[in-house]
>>> print(open('structure10.txt').read())   # compact mmCIF, C-alpha atoms and all ligand atoms
# COMPACT_ATOMS: atom_id res chain seq x y z
CA MET A 1 93.30 187.86 143.41
CA ASN A 2 96.50 188.46 145.34
CA LEU A 3 96.31 185.88 148.05
CA LEU A 4 98.79 187.50 150.41
CA ASP A 5 96.93 190.81 150.44
CA LEU A 6 93.39 189.69 151.23
CA ALA A 7 93.83 189.45 155.02
CA PRO A 8 96.69 189.77 157.53
CA VAL A 9 96.12 186.22 158.77
CA ILE A 10 95.22 183.00 157.00
CA PRO A 11 93.56 180.63 159.47
CA VAL A 12 95.04 177.16 159.04
CA VAL A 13 92.31 174.74 160.03
CA VAL A 14 92.16 171.05 160.80
CA VAL A 15 88.58 169.89 160.27
CA GLU A 16 87.69 166.64 162.03
CA ASP A 17 83.95 166.90 161.38
CA ALA A 18 82.81 168.33 158.05
CA ALA A 19 79.59 169.53 159.69
CA THR A 20 81.59 172.21 161.50
CA ALA A 21 83.07 173.62 158.28
CA VAL A 22 80.29 176.00 157.24
CA PRO A 23 79.60 177.61 160.64
CA MET A 24 83.34 177.86 161.24
CA ALA A 25 83.91 179.56 157.89
CA ARG A 26 81.00 181.94 158.52
CA ALA A 27 82.51 182.87 161.88
CA LEU A 28 85.93 183.54 160.36
CA VAL A 29 84.42 185.66 157.58
CA ALA A 30 82.25 187.56 160.08
CA GLY A 31 85.34 188.26 162.16
CA GLY A 32 87.11 189.67 159.12
CA LEU A 33 89.25 186.76 157.90
CA PRO A 34 87.86 185.57 154.56
CA VAL A 35 90.86 183.45 153.49
CA ILE A 36 90.68 179.96 154.97
CA GLU A 37 93.20 177.16 154.52
CA VAL A 38 91.70 173.74 155.18
CA THR A 39 94.53 171.27 155.69
CA LEU A 40 94.34 167.95 153.87
CA ARG A 41 95.16 166.13 157.11
CA THR A 42 91.82 164.62 157.94
CA PRO A 43 89.33 162.48 156.02
CA ALA A 44 86.83 165.35 156.35
CA ALA A 45 89.04 167.95 154.65
CA LEU A 46 87.77 167.67 151.07
CA ALA A 47 84.13 167.61 152.16
CA ALA A 48 84.84 170.69 154.29
CA ILE A 49 86.36 172.53 151.33
CA ARG A 50 83.39 171.58 149.16
CA ALA A 51 80.86 172.74 151.76
CA ILE A 52 82.59 176.08 152.32
CA ALA A 53 83.01 176.68 148.58
CA GLU A 54 79.32 175.99 147.97
CA ARG A 55 77.76 177.63 150.99
CA VAL A 56 80.02 180.47 152.15
CA PRO A 57 80.44 182.66 149.08
CA ASP A 58 82.35 185.37 150.93
CA ALA A 59 85.05 182.93 151.99
CA VAL A 60 88.12 182.25 149.88
CA VAL A 61 88.70 178.63 150.76
CA GLY A 62 91.89 176.80 149.85
CA ALA A 63 93.67 173.57 150.62
CA GLY A 64 96.74 173.26 152.82
CA THR A 65 99.12 170.37 153.43
CA VAL A 66 99.13 169.73 149.68
CA ARG A 67 101.92 167.17 149.32
CA VAL A 68 101.48 165.21 146.10
CA SER A 69 100.00 165.92 142.69
CA ALA A 70 96.86 163.94 143.49
CA ASP A 71 96.15 166.38 146.34
CA VAL A 72 96.16 169.23 143.82
CA SER A 73 93.50 167.74 141.59
CA ALA A 74 91.35 166.55 144.50
CA ALA A 75 91.48 169.96 146.18
CA VAL A 76 90.66 171.92 143.04
CA ALA A 77 87.82 169.51 142.20
CA ALA A 78 86.40 170.13 145.69
CA GLY A 79 86.43 173.88 145.08
CA ALA A 80 89.75 175.01 146.55
CA ARG A 81 90.61 178.48 145.29
CA PHE A 82 94.26 178.31 146.35
CA LEU A 83 96.81 175.71 147.39
CA VAL A 84 99.44 175.70 150.11
CA SER A 85 102.20 173.15 150.58
CA PRO A 86 104.64 172.72 153.47
CA GLY A 87 107.59 172.23 151.10
CA ALA A 88 108.15 171.81 147.41
CA THR A 89 109.33 169.32 144.85
CA ALA A 90 109.59 169.95 141.12
CA ALA A 91 106.65 167.62 140.46
CA LEU A 92 104.44 169.26 143.04
CA VAL A 93 105.22 172.79 141.88
CA GLU A 94 104.49 171.74 138.32
CA ALA A 95 101.11 170.31 139.34
CA MET A 96 100.24 173.39 141.39
CA ALA A 97 101.28 175.73 138.58
CA ALA A 98 99.09 173.79 136.15
CA SER A 99 96.10 173.90 138.49
CA GLY A 100 95.07 177.40 137.48
CA VAL A 101 94.66 178.60 141.08
CA PRO A 102 97.15 180.62 143.14
CA TYR A 103 99.56 178.52 145.15
CA LEU A 104 102.04 179.02 147.96
CA PRO A 105 104.76 176.39 148.00
CA GLY A 106 106.74 176.09 151.21
CA ALA A 107 110.39 177.08 151.65
CA ALA A 108 112.56 177.57 154.72
CA THR A 109 116.11 178.10 153.44
CA ALA A 110 117.92 180.24 150.88
CA SER A 111 118.33 177.23 148.60
CA GLU A 112 114.68 176.23 148.86
CA VAL A 113 113.65 179.80 148.03
CA LEU A 114 116.06 179.74 145.10
CA ALA A 115 114.63 176.50 143.72
CA LEU A 116 111.19 178.12 143.66
CA TYR A 117 112.55 181.43 142.39
CA GLU A 118 114.10 179.60 139.45
CA ARG A 119 110.62 178.38 138.53
CA GLY A 120 109.22 181.91 138.64
CA VAL A 121 107.53 181.65 142.05
CA ARG A 122 107.59 184.96 143.94
CA GLU A 123 105.11 184.23 146.73
CA MET A 124 105.82 181.42 149.16
CA LYS A 125 104.94 179.98 152.51
CA PHE A 126 107.84 180.29 154.96
CA PHE A 127 107.55 177.09 156.97
CA PRO A 128 108.08 176.15 159.77
CA ALA A 129 108.46 179.85 160.51
CA GLU A 130 109.43 179.95 164.17
CA ALA A 131 111.51 176.77 164.13
CA ALA A 132 113.32 177.84 160.95
CA GLY A 133 114.52 181.07 162.53
CA GLY A 134 111.55 183.41 162.23
CA VAL A 135 111.90 187.15 161.72
CA PRO A 136 115.74 187.31 161.46
CA VAL A 137 115.75 184.74 158.68
CA LEU A 138 113.04 186.59 156.75
CA LYS A 139 115.04 189.81 157.12
CA ALA A 140 118.12 188.04 155.78
CA LEU A 141 116.21 186.53 152.83
CA ALA A 142 115.07 190.02 151.81
CA GLY A 143 118.69 190.77 150.82
CA PRO A 144 119.09 188.33 147.94
CA TYR A 145 115.35 188.02 147.26
CA PRO A 146 113.84 191.52 147.56
CA ASP A 147 111.06 190.58 145.15
CA VAL A 148 109.89 187.49 147.04
CA ARG A 149 107.03 187.77 149.52
CA PHE A 150 106.19 185.24 152.19
CA CYS A 151 103.35 183.92 154.27
CA PRO A 152 105.21 182.69 157.38
CA THR A 153 103.40 179.87 159.15
CA GLY A 154 104.30 177.47 161.93
CA GLY A 155 104.44 178.40 165.57
CA ILE A 156 103.13 181.94 165.06
CA LYS A 157 100.85 183.33 167.78
CA PRO A 158 98.87 186.56 168.07
CA GLU A 159 101.69 187.95 170.22
CA THR A 160 104.38 187.29 167.60
CA ALA A 161 102.36 187.89 164.42
CA PRO A 162 102.89 191.70 164.42
CA ASN A 163 106.68 191.19 164.30
CA TYR A 164 106.25 189.26 161.07
CA LEU A 165 103.58 191.54 159.62
CA SER A 166 105.83 194.57 159.96
CA LEU A 167 108.38 193.08 157.55
CA PRO A 168 108.19 194.37 153.97
CA ASN A 169 108.57 190.86 152.55
CA VAL A 170 105.68 189.42 154.56
CA GLY A 171 102.21 189.70 153.08
CA CYS A 172 100.32 187.79 155.75
CA VAL A 173 100.89 185.04 158.30
CA GLY A 174 99.21 181.69 158.78
CA GLY A 175 98.23 180.04 162.03
CA THR A 176 96.02 177.53 163.71
CA TRP A 177 95.18 179.68 166.74
CA LEU A 178 91.97 181.01 165.17
CA THR A 179 90.16 177.68 165.31
CA PRO A 180 91.04 175.87 168.55
CA SER A 181 89.93 172.24 168.41
CA ASP A 182 87.89 172.57 171.62
CA ALA A 183 85.96 175.51 170.13
CA LEU A 184 85.14 173.38 167.08
CA VAL A 185 84.10 170.40 169.21
CA GLN A 186 81.90 172.60 171.41
CA GLY A 187 80.47 174.51 168.47
CA ASP A 188 81.73 177.75 170.02
CA TYR A 189 81.70 179.78 166.80
CA ALA A 190 81.36 183.05 168.72
CA ARG A 191 84.83 182.42 170.13
CA ILE A 192 86.20 181.77 166.64
CA GLU A 193 84.61 184.98 165.35
CA LYS A 194 86.17 186.88 168.25
CA LEU A 195 89.63 185.42 167.61
CA ALA A 196 89.29 186.35 163.93
CA GLY A 197 88.23 189.87 164.84
CA LEU A 198 91.32 190.30 167.00
CA ALA A 199 93.55 188.84 164.29
CA ARG A 200 92.28 191.12 161.57
CA GLU A 201 93.53 194.06 163.64
CA LEU A 202 97.06 192.70 163.90
CA ARG A 203 98.44 194.70 161.01
C1 LIG B 301 100.93 174.53 159.12
O1 LIG B 301 100.88 173.50 158.48
O2 LIG B 301 100.94 175.61 158.55
C2 LIG B 301 101.07 174.44 160.61
O3 LIG B 301 100.45 173.31 161.06
C3 LIG B 301 100.62 175.66 161.31
O4 LIG B 301 100.36 175.33 162.64
P1 LIG B 301 100.64 176.32 163.87
O5 LIG B 301 100.10 177.68 163.52
O6 LIG B 301 99.87 175.70 165.01
O7 LIG B 301 102.10 176.31 164.12
>>> encode(input="structure10.txt", output="structure tokens")
Amino acid sequence: MNLLDLAPVIPVVVVEDAATAVPMARALVAGGLPVIEVTLRTPAALAAIRAIAERVPDAVVGAGTVRVSADVSAAVAAGARFLVSPGATAALVEAMAASGVPYLPGAATASEVLALYERGVREMKFFPAEAAGGVPVLKALAGPYPDVRFCPTGGIKPETAPNYLSLPNVGCVGGTWLTPSDALVQGDYARIEKLAGLARELR
């Protein structure tokens, strides 16, 4: 499985109520976005990952906001099929590498990319994408690191996503716009499916 090539957009979701996880995941898959990053930012996150892993077989569910080694084991035990972190430390990268699932550690500068490169990582999250300089920075990083590919995330919108997706060193982008919190609260899964359908056409 090459995580960056499965879909142009990885929905980054914050699940407040685990009961919304399965219908939300079904809506994203139906719209054409099978890769789903559930952030470990809420008490419901692990239950959401477990529910999606068990009940939405066409989804590729992973854990985001992985910050410490304990997050890695908890996420994989819940059924996460990939891991995403906002940044990287040696200990965290070691734990993610040992997990047996694909992982995208975060980097935003040439030195952070280099620290991961040194460890053999060639696919990374570029975070926080817009605040860290966006497209021009990714273009500049392609010079010294032509063999590194990124999933830029952070501040990316449907209007700006195509600019990223046209770069040769970008495999896909991440964003929270697919699952607005009001749509989740209202159970408006049709809206989520529609947003996913629009996003799948962005590349
Ligand atoms: C992340 O952790 O990747 C960010 O929270 C993404 O959020 P945004 O798409 O709303 O910037």
>>> closest_atom_pairs(input="structure10.txt", of="chain A", to="ligand LIG 301 (chain B)", cutoff="10 Å", atoms="only C-alpha atoms and all ligand atoms", output="JSON lines")
{"residue": "A:Ile10", "atom": "CA", "partner": "B:LIG301", "partner_atom": "O2", "distance": 9.5}
{"residue": "A:Pro11", "atom": "CA", "partner": "B:LIG301", "partner_atom": "O5", "distance": 8.2}
{"residue": "A:Val12", "atom": "CA", "partner": "B:LIG301", "partner_atom": "O2", "distance": 6.1}
{"residue": "A:Val13", "atom": "CA", "partner": "B:LIG301", "partner_atom": "O3", "distance": 8.3}
{"residue": "A:Val14", "atom": "CA", "partner": "B:LIG301", "partner_atom": "O3", "distance": 8.6}
{"residue": "A:Glu37", "atom": "CA", "partner": "B:LIG301", "partner_atom": "O2", "distance": 8.9}
{"residue": "A:Val38", "atom": "CA", "partner": "B:LIG301", "partner_atom": "O1", "distance": 9.8}
{"residue": "A:Thr39", "atom": "CA", "partner": "B:LIG301", "partner_atom": "O1", "distance": 7.3}
{"residue": "A:Leu40", "atom": "CA", "partner": "B:LIG301", "partner_atom": "O1", "distance": 9.7}
{"residue": "A:Arg41", "atom": "CA", "partner": "B:LIG301", "partner_atom": "O1", "distance": 9.4}
{"residue": "A:Gly64", "atom": "CA", "partner": "B:LIG301", "partner_atom": "O1", "distance": 7.0}
{"residue": "A:Thr65", "atom": "CA", "partner": "B:LIG301", "partner_atom": "O1", "distance": 6.2}
{"residue": "A:Val66", "atom": "CA", "partner": "B:LIG301", "partner_atom": "O1", "distance": 9.7}
{"residue": "A:Val84", "atom": "CA", "partner": "B:LIG301", "partner_atom": "O2", "distance": 8.6}
{"residue": "A:Ser85", "atom": "CA", "partner": "B:LIG301", "partner_atom": "O1", "distance": 8.0}
{"residue": "A:Pro86", "atom": "CA", "partner": "B:LIG301", "partner_atom": "O1", "distance": 6.3}
{"residue": "A:Gly106", "atom": "CA", "partner": "B:LIG301", "partner_atom": "O2", "distance": 9.4}
{"residue": "A:Lys125", "atom": "CA", "partner": "B:LIG301", "partner_atom": "O2", "distance": 8.5}
{"residue": "A:Phe126", "atom": "CA", "partner": "B:LIG301", "partner_atom": "O2", "distance": 9.1}
{"residue": "A:Phe127", "atom": "CA", "partner": "B:LIG301", "partner_atom": "O2", "distance": 7.0}
{"residue": "A:Pro128", "atom": "CA", "partner": "B:LIG301", "partner_atom": "O2", "distance": 7.3}
{"residue": "A:Ala129", "atom": "CA", "partner": "B:LIG301", "partner_atom": "O7", "distance": 8.1}
{"residue": "A:Glu130", "atom": "CA", "partner": "B:LIG301", "partner_atom": "O7", "distance": 8.2}
{"residue": "A:Ala131", "atom": "CA", "partner": "B:LIG301", "partner_atom": "O7", "distance": 9.4}
{"residue": "A:Cys151", "atom": "CA", "partner": "B:LIG301", "partner_atom": "O2", "distance": 9.7}
{"residue": "A:Pro152", "atom": "CA", "partner": "B:LIG301", "partner_atom": "O2", "distance": 8.4}
{"residue": "A:Thr153", "atom": "CA", "partner": "B:LIG301", "partner_atom": "O2", "distance": 5.0}
{"residue": "A:Gly154", "atom": "CA", "partner": "B:LIG301", "partner_atom": "O7", "distance": 3.3}
{"residue": "A:Gly155", "atom": "CA", "partner": "B:LIG301", "partner_atom": "O7", "distance": 3.5}
{"residue": "A:Ile156", "atom": "CA", "partner": "B:LIG301", "partner_atom": "O5", "distance": 5.4}
{"residue": "A:Lys157", "atom": "CA", "partner": "B:LIG301", "partner_atom": "O5", "distance": 7.1}
{"residue": "A:Val173", "atom": "CA", "partner": "B:LIG301", "partner_atom": "O5", "distance": 9.1}
{"residue": "A:Gly174", "atom": "CA", "partner": "B:LIG301", "partner_atom": "O5", "distance": 6.3}
{"residue": "A:Gly175", "atom": "CA", "partner": "B:LIG301", "partner_atom": "O5", "distance": 3.4}
{"residue": "A:Thr176", "atom": "CA", "partner": "B:LIG301", "partner_atom": "O5", "distance": 4.1}
{"residue": "A:Trp177", "atom": "CA", "partner": "B:LIG301", "partner_atom": "O5", "distance": 6.2}
{"residue": "A:Leu178", "atom": "CA", "partner": "B:LIG301", "partner_atom": "O5", "distance": 8.9}
{"residue": "A:Thr179", "atom": "CA", "partner": "B:LIG301", "partner_atom": "O6", "distance": 9.9}
{"residue": "A:Pro180", "atom": "CA", "partner": "B:LIG301", "partner_atom": "O6", "distance": 9.5}
>>> atom_distance(input="structure10.txt", atom1="atom CA of A:Gly120", atom2="atom CA of A:Ala132")
23.0 Å
>>> closest_residue(input="structure10.txt", among="A:Leu6, A:Ala70, A:Val56, A:Ala78", to="A:Cys172", atoms="all atoms listed in the file")
A:Leu6
>>> atom_distance(input="structure10.txt", atom1="atom CA of A:Tyr117", atom2="atom CA of A:Pro105")
10.8 Å
>>> closest_residue(input="structure10.txt", among="A:Ala27, A:Ala161, A:Ala48, A:Val135", to="A:Ala183", atoms="only C-alpha atoms")
A:Ala27
>>> atom_distance(input="structure10.txt", atom1="atom CA of A:Arg81", atom2="atom CA of A:Gly62")
5.0 Å
>>> residues_around(input="structure10.txt", residues="A:Leu184", least_positions_apart="2", cutoff="9 Å", atoms="only C-alpha atoms", output="ChimeraX atom specification")
/A:15-17,20,24,179-182,186-189,192
>>> closest_residue(input="structure10.txt", among="A:Gly87, A:Pro162, A:Pro168, A:Pro144", to="A:Glu112", atoms="all atoms listed in the file")
A:Gly87
>>> residues_around(input="structure10.txt", residues="A:Leu167", least_positions_apart="3", cutoff="9 Å", atoms="only C-alpha atoms", output="CSV table (one decimal) with C-alpha atoms, in the frame of the given file")
chain,number,residue,atom,x,y,z
A,135,VAL,CA,111.9,187.2,161.7
A,138,LEU,CA,113.0,186.6,156.8
A,139,LYS,CA,115.0,189.8,157.1
A,162,PRO,CA,102.9,191.7,164.4
A,163,ASN,CA,106.7,191.2,164.3
A,164,TYR,CA,106.2,189.3,161.1
A,170,VAL,CA,105.7,189.4,154.6
A,171,GLY,CA,102.2,189.7,153.1
>>> closest_residue(input="structure10.txt", among="A:Lys194, A:Ala51, A:Ala7, A:Thr89", to="A:Ala19", atoms="all atoms listed in the file")
A:Ala51
>>> residues_around(input="structure10.txt", residues="A:Val121", least_positions_apart="6", cutoff="10 Å", atoms="only C-alpha atoms", output="ChimeraX atom specification")
/A:93,97,103-105,113-115,148-149
>>> write_last_selection(input="structure10.txt", atoms="C-alpha atoms", output="compact mmCIF listing (two decimals), in the frame of the given file")
# COMPACT_ATOMS: atom_id res chain seq x y z
CA VAL A 93 105.22 172.79 141.88
CA ALA A 97 101.28 175.73 138.58
CA TYR A 103 99.56 178.52 145.15
CA LEU A 104 102.04 179.02 147.96
CA PRO A 105 104.76 176.39 148.00
CA VAL A 113 113.65 179.80 148.03
CA LEU A 114 116.06 179.74 145.10
CA ALA A 115 114.63 176.50 143.72
CA VAL A 148 109.89 187.49 147.04
CA ARG A 149 107.03 187.77 149.52
>>> closest_residue(input="structure10.txt", among="A:Ala199, A:Glu94, A:Ala47, A:Tyr145", to="A:Glu123", atoms="only C-alpha atoms")
A:Tyr145
>>> closest_residue(input="structure10.txt", among="A:Val22, A:Ala98, A:Val72, A:Leu141", to="A:Ser111", atoms="only C-alpha atoms")
A:Leu141
>>> axis_aligned_box(input="structure10.txt", around="stretch 52-65 of chain A", padding_each_side="8 Å", output="AutoDock Vina command-line options")
--center_x 88.4 --center_y 177.9 --center_z 150.7 --size_x 37.4 --size_y 31.0 --size_z 21.5
>>> build_atoms(input="structure10.txt", residues="stretch 118-129 of chain A", atoms="all heavy atoms", output="short mmCIF file (atom, residue, chain, number, x, y, z; two decimals), keeping the file's coordinate frame")
data_model
loop_
_atom_site.label_atom_id
_atom_site.label_comp_id
_atom_site.auth_asym_id
_atom_site.auth_seq_id
_atom_site.Cartn_x
_atom_site.Cartn_y
_atom_site.Cartn_z
N GLU A 118 113.70 180.07 140.78
CA GLU A 118 114.10 179.60 139.45
C GLU A 118 112.89 179.26 138.58
O GLU A 118 112.91 179.39 137.37
CB GLU A 118 114.91 178.31 139.64
CG GLU A 118 116.24 178.29 139.01
CD GLU A 118 116.98 177.01 139.38
OE1 GLU A 118 116.36 176.00 139.83
OE2 GLU A 118 118.18 177.01 139.22
N ARG A 119 111.84 178.77 139.24
CA ARG A 119 110.62 178.38 138.53
C ARG A 119 109.65 179.53 138.37
O ARG A 119 108.53 179.35 137.92
CB ARG A 119 109.92 177.23 139.26
CG ARG A 119 110.82 176.04 139.52
CD ARG A 119 110.04 174.92 140.15
NE ARG A 119 109.09 174.35 139.20
CZ ARG A 119 109.37 173.36 138.37
NH1 ARG A 119 110.57 172.82 138.39
NH2 ARG A 119 108.47 172.92 137.54
N GLY A 120 110.06 180.73 138.83
CA GLY A 120 109.22 181.91 138.64
C GLY A 120 108.30 182.21 139.81
O GLY A 120 107.50 183.14 139.75
N VAL A 121 108.41 181.43 140.89
CA VAL A 121 107.53 181.65 142.05
C VAL A 121 108.07 182.85 142.85
O VAL A 121 109.27 182.91 143.14
CB VAL A 121 107.48 180.40 142.94
CG1 VAL A 121 106.59 180.64 144.15
CG2 VAL A 121 106.99 179.20 142.14
N ARG A 122 107.19 183.78 143.18
CA ARG A 122 107.59 184.96 143.94
C ARG A 122 106.81 185.11 145.25
O ARG A 122 107.06 186.04 146.01
CB ARG A 122 107.40 186.23 143.10
CG ARG A 122 108.27 186.28 141.83
CD ARG A 122 109.76 186.41 142.17
NE ARG A 122 110.57 186.47 140.95
CZ ARG A 122 111.11 185.42 140.34
NH1 ARG A 122 110.94 184.19 140.85
NH2 ARG A 122 111.83 185.55 139.25
N GLU A 123 105.85 184.22 145.47
CA GLU A 123 105.11 184.23 146.73
C GLU A 123 105.15 182.82 147.31
O GLU A 123 104.84 181.85 146.60
CB GLU A 123 103.66 184.68 146.50
CG GLU A 123 103.62 186.13 146.02
CD GLU A 123 102.25 186.76 146.05
OE1 GLU A 123 101.26 186.00 146.02
OE2 GLU A 123 102.17 187.99 146.09
N MET A 124 105.57 182.73 148.55
CA MET A 124 105.82 181.42 149.16
C MET A 124 105.33 181.39 150.59
O MET A 124 105.19 182.43 151.23
CB MET A 124 107.34 181.14 149.18
CG MET A 124 108.00 181.26 147.83
SD MET A 124 109.80 181.15 147.94
CE MET A 124 110.20 181.76 146.28
N LYS A 125 105.15 180.18 151.07
CA LYS A 125 104.94 179.98 152.51
C LYS A 125 106.33 179.83 153.13
O LYS A 125 107.18 179.11 152.57
CB LYS A 125 104.10 178.72 152.71
CG LYS A 125 104.02 178.20 154.13
CD LYS A 125 102.96 177.10 154.23
CE LYS A 125 103.05 176.41 155.58
NZ LYS A 125 101.81 175.69 155.93
N PHE A 126 106.59 180.49 154.23
CA PHE A 126 107.84 180.29 154.96
C PHE A 126 107.50 179.36 156.12
O PHE A 126 106.82 179.75 157.06
CB PHE A 126 108.40 181.63 155.45
CG PHE A 126 109.65 181.51 156.29
CD1 PHE A 126 110.82 180.99 155.75
CD2 PHE A 126 109.66 181.92 157.61
CE1 PHE A 126 111.97 180.88 156.52
CE2 PHE A 126 110.80 181.82 158.40
CZ PHE A 126 111.96 181.30 157.84
N PHE A 127 107.96 178.13 156.01
CA PHE A 127 107.55 177.09 156.97
C PHE A 127 108.71 176.17 157.31
O PHE A 127 109.46 175.80 156.41
CB PHE A 127 106.40 176.25 156.37
CG PHE A 127 105.94 175.14 157.27
CD1 PHE A 127 105.07 175.37 158.32
CD2 PHE A 127 106.42 173.84 157.08
CE1 PHE A 127 104.67 174.35 159.15
CE2 PHE A 127 106.03 172.82 157.92
CZ PHE A 127 105.14 173.07 158.96
N PRO A 128 108.83 175.75 158.57
CA PRO A 128 108.08 176.15 159.77
C PRO A 128 108.67 177.43 160.36
O PRO A 128 109.80 177.43 160.83
CB PRO A 128 108.27 174.96 160.70
CG PRO A 128 109.61 174.36 160.30
CD PRO A 128 109.84 174.69 158.85
N ALA A 129 107.92 178.51 160.32
CA ALA A 129 108.46 179.85 160.51
C ALA A 129 109.29 180.00 161.79
O ALA A 129 110.46 180.40 161.73
CB ALA A 129 107.32 180.86 160.49
#
